>>> print(open('structure38.csv').read())   # CSV, C-alpha atoms
chain,number,residue,atom,x,y,z
A,1,MET,CA,335.7,75.2,60.8
A,2,ARG,CA,335.0,72.9,57.9
A,3,ASP,CA,331.6,71.2,57.9
A,4,MET,CA,333.1,68.0,56.6
A,5,GLY,CA,336.4,66.3,57.1
A,6,PHE,CA,339.0,65.9,54.4
A,7,LEU,CA,339.8,62.6,52.7
A,8,VAL,CA,343.4,61.6,51.8
A,9,VAL,CA,344.4,58.4,50.1
A,10,LEU,CA,348.0,57.1,50.6
A,11,SER,CA,349.0,54.4,48.1
A,12,GLY,CA,352.3,53.0,46.9
A,13,PHE,CA,354.3,50.0,46.0
A,14,ALA,CA,354.6,47.3,48.7
A,15,GLY,CA,357.8,48.2,50.5
A,16,SER,CA,357.6,51.9,49.7
A,17,GLY,CA,357.1,52.8,53.4
A,18,LYS,CA,353.6,54.2,53.1
A,19,GLY,CA,352.5,52.4,56.3
A,20,THR,CA,355.4,54.0,58.2
A,21,ILE,CA,354.6,57.4,56.8
A,22,MET,CA,351.0,57.1,57.9
A,23,LYS,CA,351.9,56.0,61.4
A,24,GLU,CA,354.3,58.9,61.8
A,25,LEU,CA,351.7,61.4,60.7
A,26,LEU,CA,349.2,60.0,63.2
A,27,SER,CA,351.9,60.1,66.0
A,28,ARG,CA,353.1,63.7,65.2
A,29,TYR,CA,349.7,65.2,64.5
A,30,PRO,CA,347.1,63.2,66.4
A,31,GLU,CA,344.6,66.1,66.4
A,32,GLU,CA,344.7,66.6,62.7
A,33,TYR,CA,344.5,63.0,61.3
A,34,ALA,CA,342.4,59.9,61.7
A,35,LEU,CA,343.3,56.5,60.2
A,36,SER,CA,340.7,54.5,58.3
A,37,VAL,CA,341.4,50.9,59.3
A,38,SER,CA,341.0,48.6,56.3
A,39,ALA,CA,339.6,45.1,56.3
A,40,THR,CA,341.6,42.2,54.8
A,41,THR,CA,341.7,38.5,54.3
A,42,ARG,CA,345.5,38.2,54.5
A,43,THR,CA,347.1,36.6,57.5
A,44,PRO,CA,348.3,39.0,60.3
A,45,ARG,CA,352.1,39.7,60.3
A,46,PRO,CA,354.0,39.4,63.6
A,47,GLY,CA,353.0,42.3,65.9
A,48,GLU,CA,349.9,43.2,64.0
A,49,GLN,CA,346.7,43.5,66.1
A,50,GLU,CA,343.0,43.2,65.1
A,51,GLY,CA,341.4,46.6,64.7
A,52,ARG,CA,344.8,48.5,64.7
A,53,GLU,CA,346.6,47.6,61.5
A,54,TYR,CA,343.6,45.8,59.9
A,55,PHE,CA,340.3,44.1,60.6
A,56,PHE,CA,341.2,40.5,59.7
A,57,LYS,CA,338.4,38.7,58.0
A,58,THR,CA,337.9,35.3,56.4
A,59,LYS,CA,337.1,35.2,52.7
A,60,GLU,CA,333.4,34.4,53.5
A,61,GLU,CA,333.1,37.3,56.0
A,62,PHE,CA,334.6,39.7,53.5
A,63,GLU,CA,332.3,38.7,50.8
A,64,ARG,CA,329.3,39.1,53.1
A,65,MET,CA,330.6,42.7,53.7
A,66,ILE,CA,330.7,43.3,49.9
A,67,ALA,CA,327.2,41.9,49.5
A,68,GLY,CA,325.9,44.0,52.3
A,69,GLY,CA,327.3,47.3,50.9
A,70,GLU,CA,329.5,47.7,54.0
A,71,LEU,CA,332.6,48.8,52.0
A,72,LEU,CA,333.4,52.1,50.3
A,73,GLU,CA,335.9,50.2,48.1
A,74,TYR,CA,337.6,46.9,47.8
A,75,ALA,CA,340.2,45.1,45.7
A,76,CYS,CA,342.0,41.8,45.4
A,77,TYR,CA,345.7,42.1,45.7
A,78,VAL,CA,348.2,39.2,45.6
A,79,GLY,CA,345.4,36.7,46.3
A,80,ASN,CA,343.8,38.6,49.2
A,81,TYR,CA,340.9,41.0,49.6
A,82,TYR,CA,341.4,44.5,51.0
A,83,GLY,CA,338.6,47.0,51.6
A,84,THR,CA,337.5,50.2,53.4
A,85,PRO,CA,334.6,49.8,55.9
A,86,ARG,CA,332.0,52.5,55.1
A,87,ALA,CA,330.7,53.4,58.7
A,88,TYR,CA,334.0,54.6,60.2
A,89,VAL,CA,334.9,56.8,57.3
A,90,GLU,CA,331.5,58.5,57.1
A,91,GLU,CA,331.6,59.1,60.8
A,92,GLN,CA,335.0,60.7,60.7
A,93,LEU,CA,334.0,62.9,57.6
A,94,ALA,CA,331.3,64.5,59.8
A,95,GLY,CA,334.2,65.9,61.9
A,96,SER,CA,337.1,68.1,61.1
A,97,ARG,CA,340.1,65.8,61.0
A,98,SER,CA,341.6,64.5,57.7
A,99,VAL,CA,340.9,60.8,57.3
A,100,ILE,CA,343.8,58.8,55.8
A,101,LEU,CA,343.1,55.7,53.8
A,102,GLU,CA,346.1,53.4,53.0
A,103,ILE,CA,344.8,51.5,50.0
A,104,GLU,CA,345.7,50.3,46.5
A,105,ILE,CA,345.2,52.0,43.2
A,106,GLN,CA,342.0,50.2,42.3
A,107,GLY,CA,340.4,51.2,45.6
A,108,ALA,CA,341.8,54.7,45.4
A,109,LEU,CA,340.0,55.3,42.1
A,110,GLN,CA,336.8,53.9,43.5
A,111,ILE,CA,337.1,56.4,46.4
A,112,ARG,CA,337.8,59.3,44.0
A,113,GLU,CA,334.5,58.4,42.2
A,114,LYS,CA,332.5,58.7,45.4
A,115,PHE,CA,334.4,61.6,46.9
A,116,PRO,CA,335.8,63.7,44.0
A,117,GLU,CA,337.7,66.1,46.4
A,118,THR,CA,339.9,63.3,47.7
A,119,VAL,CA,343.6,63.9,47.4
A,120,LEU,CA,345.6,61.0,46.1
A,121,LEU,CA,349.3,60.5,47.2
A,122,PHE,CA,351.5,57.9,45.7
A,123,VAL,CA,354.6,56.8,47.6
A,124,THR,CA,357.7,55.2,46.0
A,125,PRO,CA,361.3,54.5,47.0
A,126,PRO,CA,364.1,56.3,45.1
A,127,SER,CA,364.6,53.4,42.7
A,128,ALA,CA,363.4,49.9,41.7
A,129,GLY,CA,366.5,48.5,43.3
A,130,VAL,CA,365.8,50.0,46.7
A,131,LEU,CA,362.2,48.6,46.4
A,132,ARG,CA,363.5,45.1,45.8
A,133,GLU,CA,365.9,45.3,48.7
A,134,ARG,CA,363.2,46.5,51.1
A,135,LEU,CA,360.9,43.6,50.1
A,136,ILE,CA,363.6,41.0,50.6
A,137,GLY,CA,364.8,42.7,53.8
A,138,ARG,CA,361.4,42.3,55.4
A,139,GLY,CA,362.1,38.6,55.9
A,140,THR,CA,358.4,37.9,56.3
A,141,GLU,CA,357.6,36.7,52.8
A,142,THR,CA,358.6,33.9,50.4
A,143,SER,CA,360.6,34.6,47.2
A,144,GLU,CA,357.4,33.8,45.3
A,145,VAL,CA,355.4,36.5,47.2
A,146,VAL,CA,358.3,39.0,46.7
A,147,HIS,CA,358.2,38.2,42.9
A,148,SER,CA,354.4,38.7,43.0
A,149,ARG,CA,354.7,42.1,44.7
A,150,LEU,CA,357.3,43.2,42.2
A,151,SER,CA,355.1,42.1,39.3
A,152,ARG,CA,352.2,44.0,40.9
A,153,ALA,CA,354.5,47.1,41.1
A,154,VAL,CA,355.0,47.0,37.4
A,155,GLU,CA,351.2,47.2,36.9
A,156,GLU,CA,350.8,49.9,39.5
A,157,ALA,CA,353.5,52.0,37.8
A,158,ASP,CA,351.3,52.2,34.8
A,159,GLY,CA,348.4,53.5,36.8
A,160,CYS,CA,349.9,56.0,39.3
A,161,GLU,CA,349.6,58.9,36.8
A,162,ALA,CA,346.0,59.2,38.1
A,163,TYR,CA,347.3,60.4,41.5
A,164,ASP,CA,347.7,64.1,42.4
A,165,TYR,CA,351.2,63.9,44.1
A,166,LEU,CA,354.2,61.6,43.9
A,167,ILE,CA,356.1,61.2,47.2
A,168,ILE,CA,359.6,59.8,47.0
A,169,ASN,CA,360.4,58.2,50.3
A,170,ASP,CA,364.2,58.5,50.7
A,171,ASP,CA,364.4,60.3,54.0
A,172,LEU,CA,361.5,59.4,56.3
A,173,ASP,CA,361.4,62.5,58.4
A,174,ALA,CA,361.5,64.8,55.4
A,175,CYS,CA,358.9,62.6,53.6
A,176,VAL,CA,356.4,62.8,56.5
A,177,GLU,CA,356.7,66.6,56.7
A,178,GLU,CA,356.2,66.8,52.9
A,179,VAL,CA,353.0,64.8,53.1
A,180,HIS,CA,351.8,66.9,56.0
A,181,HIS,CA,352.5,70.1,54.1
A,182,ILE,CA,350.7,68.9,51.0
A,183,ILE,CA,347.6,67.9,53.0
A,184,ARG,CA,347.5,71.3,54.9
A,185,SER,CA,347.9,73.2,51.6
A,186,GLU,CA,345.1,71.2,50.0
A,187,ARG,CA,342.8,71.9,52.8
A,188,SER,CA,343.3,75.6,52.2
A,189,ARG,CA,342.4,75.5,48.5
A,190,MET,CA,339.5,77.7,47.6
A,191,ARG,CA,337.5,74.9,46.0
A,192,HIS,CA,337.2,73.2,49.4
A,193,HIS,CA,335.8,76.3,51.0
A,194,LEU,CA,333.1,77.5,48.6
A,195,ARG,CA,330.4,77.2,51.3
A,196,GLU,CA,332.2,79.4,53.8
A,197,ILE,CA,332.9,82.0,51.1
A,198,GLU,CA,329.2,82.0,50.1
A,199,THR,CA,328.2,82.6,53.7
A,200,ILE,CA,330.7,85.5,53.9
A,201,LYS,CA,329.3,87.0,50.6
A,202,ASN,CA,325.7,86.8,51.9
A,203,ASP,CA,326.6,88.4,55.2
A,204,LEU,CA,328.4,91.2,53.5
A,205,LYS,CA,325.4,91.9,51.3
A,206,GLU,CA,323.2,92.1,54.4
A,207,TYR,CA,325.6,94.5,56.0
A,208,VAL,CA,325.5,96.7,52.9
A,209,LYS,CA,321.7,96.7,52.8
A,210,GLY,CA,321.3,97.6,56.5
A,211,GLU,CA,324.1,100.0,57.1
A,212,GLN,CA,325.2,103.3,55.7
A,213,ILE,CA,329.1,103.5,55.8
>>> encode(input="structure38.csv", output="structure tokens")
Amino acid sequence: MRDMGFLVVLSGFAGSGKGTIMKELLSRYPEEYALSVSATTRTPRPGEQEGREYFFKTKEEFERMIAGGELLEYACYVGNYYGTPRAYVEEQLAGSRSVILEIEIQGALQIREKFPETVLLFVTPPSAGVLRERLIGRGTETSEVVHSRLSRAVEEADGCEAYDYLIINDDLDACVEEVHHIIRSERSRMRHHLREIETIKNDLKEYVKGEQI
């Protein structure tokens, strides 16, 4: 068993479906994944609950968290703060489940600096036209906000090359399984298991010293 958990960042354009992918992973494989719930200053959408989708904070509360070093990363996106509370993530990393962070590019790069082994996944719809249709189809945001999100997507498209994998969300079921397969494969990479290999090497040397085969 791994001594530490595995950290995964799931980012993507607004409307790409990254939140749905994340929820499906947690539903299908509850023993393998834990969700890092972000804090935000944006207004809750219909059906969202405190502590489930986000920890909803005032601007003043969020800035106190920044000043107190309570966030692993934070960013301002379309006029609102978003950030990852430190305590929960560090607690989960002491276990064996993969911790999924649904955050923006700026925050993802901050996480990569602190945890170099983090795997970064970027989610996109099949085309810009599909992205626009999804944003409009939400029916929860004004045309000005939709325009802001599309403008932000232009900026994000210039930074997503820093990610390890591109996930094209066309068929949800296939997309979820692709992400699950990538994470499982990454957990098996040799570079994540150097401590275990070193232990095996040392044990083998002891066997060779003490036994004549």
>>> atom_distance(input="structure38.csv", atom1="CA of Pro125 in chain A", atom2="CA of Leu26 in chain A")
21.0 Å
>>> closest_atom_pairs(input="structure38.csv", of="range 84-185 of chain A", to="range 29-50 of chain A", cutoff="6 Å", atoms="all atoms listed in the file", output="Markdown table")
| residue | atom | partner | partner_atom | distance |
| --- | --- | --- | --- | --- |
| A:Thr84 | CA | A:Ser38 | CA | 4.8 |
| A:Arg97 | CA | A:Glu32 | CA | 5.0 |
| A:Ser98 | CA | A:Tyr33 | CA | 4.9 |
| A:Val99 | CA | A:Ala34 | CA | 4.7 |
| A:Ile100 | CA | A:Leu35 | CA | 5.0 |
| A:Leu101 | CA | A:Ser36 | CA | 5.2 |
>>> atom_distance(input="structure38.csv", atom1="CA of Gly17 in chain A", atom2="CA of Glu161 in chain A")
19.2 Å
>>> closest_residue(input="structure38.csv", among="A:Ala153, A:Ile105, A:Leu120, A:Leu25", to="Phe13 in chain A", atoms="all atoms listed in the file")
A:Ala153
>>> closest_residue(input="structure38.csv", among="A:Gly19, A:Glu144, A:Thr118, A:Arg52", to="Ile183 in chain A", atoms="all atoms listed in the file")
A:Thr118
>>> closest_atom_pairs(input="structure38.csv", of="range 105-134 of chain A", to="range 191-209 of chain A", cutoff="12 Å", atoms="only C-alpha atoms", output="CSV")
residue,atom,partner,partner_atom,distance
A:Pro116,CA,A:His192,CA,11.0
A:Glu117,CA,A:His192,CA,7.7
A:Thr118,CA,A:His192,CA,10.4
A:Val119,CA,A:His192,CA,11.5
>>> write_last_selection(input="structure38.csv", atoms="C-alpha atoms", output="PDB file, in the frame of the given file")
ATOM      1  CA  PRO A 116     335.800  63.700  44.000  1.00  0.00           C
ATOM      2  CA  GLU A 117     337.700  66.100  46.400  1.00  0.00           C
ATOM      3  CA  THR A 118     339.900  63.300  47.700  1.00  0.00           C
ATOM      4  CA  VAL A 119     343.600  63.900  47.400  1.00  0.00           C
TER       5      VAL A 119
END
>>> residues_around(input="structure38.csv", residues="Leu131 in chain A", least_positions_apart="6", cutoff="9 Å", atoms="all atoms listed in the file", output="PDB file with C-alpha atoms, in the frame of the given file")
ATOM      1  CA  PHE A  13     354.300  50.000  46.000  1.00  0.00           C
ATOM      2  CA  ALA A  14     354.600  47.300  48.700  1.00  0.00           C
ATOM      3  CA  GLY A  15     357.800  48.200  50.500  1.00  0.00           C
ATOM      4  CA  SER A  16     357.600  51.900  49.700  1.00  0.00           C
ATOM      5  CA  THR A 124     357.700  55.200  46.000  1.00  0.00           C
ATOM      6  CA  PRO A 125     361.300  54.500  47.000  1.00  0.00           C
ATOM      7  CA  LEU A 150     357.300  43.200  42.200  1.00  0.00           C
TER       8      LEU A 150
END
>>> residues_around(input="structure38.csv", residues="Pro126 in chain A", least_positions_apart="5", cutoff="8 Å", atoms="only C-alpha atoms", output="list in words")
Ile168, Asn169 and Asp170 of chain A
>>> atom_distance(input="structure38.csv", atom1="CA of Cys76 in chain A", atom2="CA of Phe62 in chain A")
11.2 Å
>>> residues_around(input="structure38.csv", residues="Glu70 in chain A", least_positions_apart="6", cutoff="8 Å", atoms="all atoms listed in the file", output="PDB file with C-alpha atoms, in the frame of the given file")
ATOM      1  CA  PRO A  85     334.600  49.800  55.900  1.00  0.00           C
ATOM      2  CA  ARG A  86     332.000  52.500  55.100  1.00  0.00           C
ATOM      3  CA  ALA A  87     330.700  53.400  58.700  1.00  0.00           C
TER       4      ALA A  87
END
>>> residues_around(input="structure38.csv", residues="Ile103 in chain A", least_positions_apart="2", cutoff="7 Å", atoms="only C-alpha atoms", output="ChimeraX atom specification")
/A:9-11,101,105,107-108
>>> closest_residue(input="structure38.csv", among="A:Ser185, A:Glu90, A:Tyr81, A:Ile136", to="Glu60 in chain A", atoms="all atoms listed in the file")
A:Tyr81
>>> decode(input="structure38.csv", residues="range 25-52 of chain A", atoms="N, CA, C and O atoms", output="compact mmCIF listing (two decimals), in the first residue's frame")
# COMPACT_ATOMS: atom_id res chain seq x y z
N LEU A 25 -16.99 9.78 -11.10
CA LEU A 25 -15.86 9.02 -10.55
C LEU A 25 -16.10 8.67 -9.09
O LEU A 25 -15.88 7.53 -8.66
N LEU A 26 -16.55 9.66 -8.33
CA LEU A 26 -16.79 9.44 -6.91
C LEU A 26 -17.93 8.47 -6.68
O LEU A 26 -17.92 7.67 -5.74
N SER A 27 -18.93 8.50 -7.56
CA SER A 27 -20.08 7.60 -7.44
C SER A 27 -19.71 6.17 -7.80
O SER A 27 -20.12 5.22 -7.12
N ARG A 28 -18.94 6.00 -8.87
CA ARG A 28 -18.59 4.66 -9.35
C ARG A 28 -17.49 4.00 -8.53
O ARG A 28 -17.46 2.77 -8.38
N TYR A 29 -16.55 4.80 -8.03
CA TYR A 29 -15.39 4.25 -7.35
C TYR A 29 -15.16 4.96 -6.00
O TYR A 29 -14.12 5.60 -5.79
N PRO A 30 -16.13 4.85 -5.09
CA PRO A 30 -16.04 5.60 -3.82
C PRO A 30 -14.86 5.21 -2.94
O PRO A 30 -14.41 6.02 -2.12
N GLU A 31 -14.35 3.99 -3.10
CA GLU A 31 -13.23 3.55 -2.28
C GLU A 31 -11.89 4.05 -2.80
O GLU A 31 -10.89 3.99 -2.08
N GLU A 32 -11.88 4.52 -4.05
CA GLU A 32 -10.60 4.92 -4.65
C GLU A 32 -10.38 6.42 -4.68
O GLU A 32 -9.24 6.88 -4.81
N TYR A 33 -11.48 7.21 -4.57
CA TYR A 33 -11.34 8.65 -4.74
C TYR A 33 -11.95 9.44 -3.58
O TYR A 33 -12.94 9.03 -2.99
N ALA A 34 -11.32 10.56 -3.30
CA ALA A 34 -11.86 11.53 -2.35
C ALA A 34 -11.86 12.89 -3.04
O ALA A 34 -10.94 13.21 -3.79
N LEU A 35 -12.89 13.65 -2.80
CA LEU A 35 -13.03 14.98 -3.41
C LEU A 35 -12.52 16.05 -2.47
O LEU A 35 -12.89 16.06 -1.28
N SER A 36 -11.68 16.92 -2.98
CA SER A 36 -11.29 18.10 -2.22
C SER A 36 -12.31 19.21 -2.51
O SER A 36 -12.42 19.66 -3.64
N VAL A 37 -13.06 19.59 -1.50
CA VAL A 37 -14.08 20.62 -1.68
C VAL A 37 -13.43 22.00 -1.60
O VAL A 37 -12.75 22.32 -0.62
N SER A 38 -13.63 22.79 -2.63
CA SER A 38 -13.02 24.12 -2.70
C SER A 38 -13.86 25.15 -1.94
O SER A 38 -15.05 24.96 -1.72
N ALA A 39 -13.20 26.23 -1.59
CA ALA A 39 -13.89 27.39 -1.03
C ALA A 39 -14.06 28.41 -2.15
O ALA A 39 -13.23 28.51 -3.05
N THR A 40 -15.16 29.16 -2.12
CA THR A 40 -15.40 30.18 -3.15
C THR A 40 -16.22 31.33 -2.60
O THR A 40 -16.96 31.17 -1.61
N THR A 41 -16.10 32.46 -3.26
CA THR A 41 -16.92 33.62 -2.88
C THR A 41 -18.11 33.79 -3.83
O THR A 41 -18.89 34.72 -3.65
N ARG A 42 -18.27 32.90 -4.81
CA ARG A 42 -19.41 33.06 -5.72
C ARG A 42 -20.70 32.62 -5.05
O ARG A 42 -20.70 31.86 -4.07
N THR A 43 -21.83 33.08 -5.58
CA THR A 43 -23.14 32.75 -5.04
C THR A 43 -23.50 31.30 -5.37
O THR A 43 -23.26 30.85 -6.49
N PRO A 44 -24.09 30.57 -4.42
CA PRO A 44 -24.49 29.18 -4.70
C PRO A 44 -25.51 29.12 -5.84
O PRO A 44 -26.40 29.97 -5.93
N ARG A 45 -25.37 28.10 -6.70
CA ARG A 45 -26.36 27.86 -7.73
C ARG A 45 -27.48 27.01 -7.16
O ARG A 45 -27.31 26.38 -6.11
N PRO A 46 -28.64 26.97 -7.81
CA PRO A 46 -29.75 26.16 -7.32
C PRO A 46 -29.33 24.70 -7.10
O PRO A 46 -28.72 24.09 -7.96
N GLY A 47 -29.63 24.17 -5.91
CA GLY A 47 -29.32 22.78 -5.60
C GLY A 47 -27.97 22.57 -4.95
O GLY A 47 -27.71 21.49 -4.41
N GLU A 48 -27.10 23.58 -4.97
CA GLU A 48 -25.79 23.43 -4.35
C GLU A 48 -25.90 23.57 -2.83
O GLU A 48 -26.69 24.36 -2.33
N GLN A 49 -25.07 22.79 -2.12
CA GLN A 49 -25.10 22.79 -0.66
C GLN A 49 -23.75 23.14 -0.09
O GLN A 49 -22.71 22.74 -0.63
N GLU A 50 -23.77 23.86 1.02
CA GLU A 50 -22.55 24.20 1.73
C GLU A 50 -21.80 22.94 2.15
O GLU A 50 -22.37 22.02 2.73
N GLY A 51 -20.51 22.88 1.80
CA GLY A 51 -19.69 21.75 2.19
C GLY A 51 -19.77 20.57 1.24
O GLY A 51 -19.00 19.62 1.39
N ARG A 52 -20.68 20.61 0.27
CA ARG A 52 -20.76 19.52 -0.70
C ARG A 52 -20.13 19.97 -2.02
O ARG A 52 -19.12 19.42 -2.45
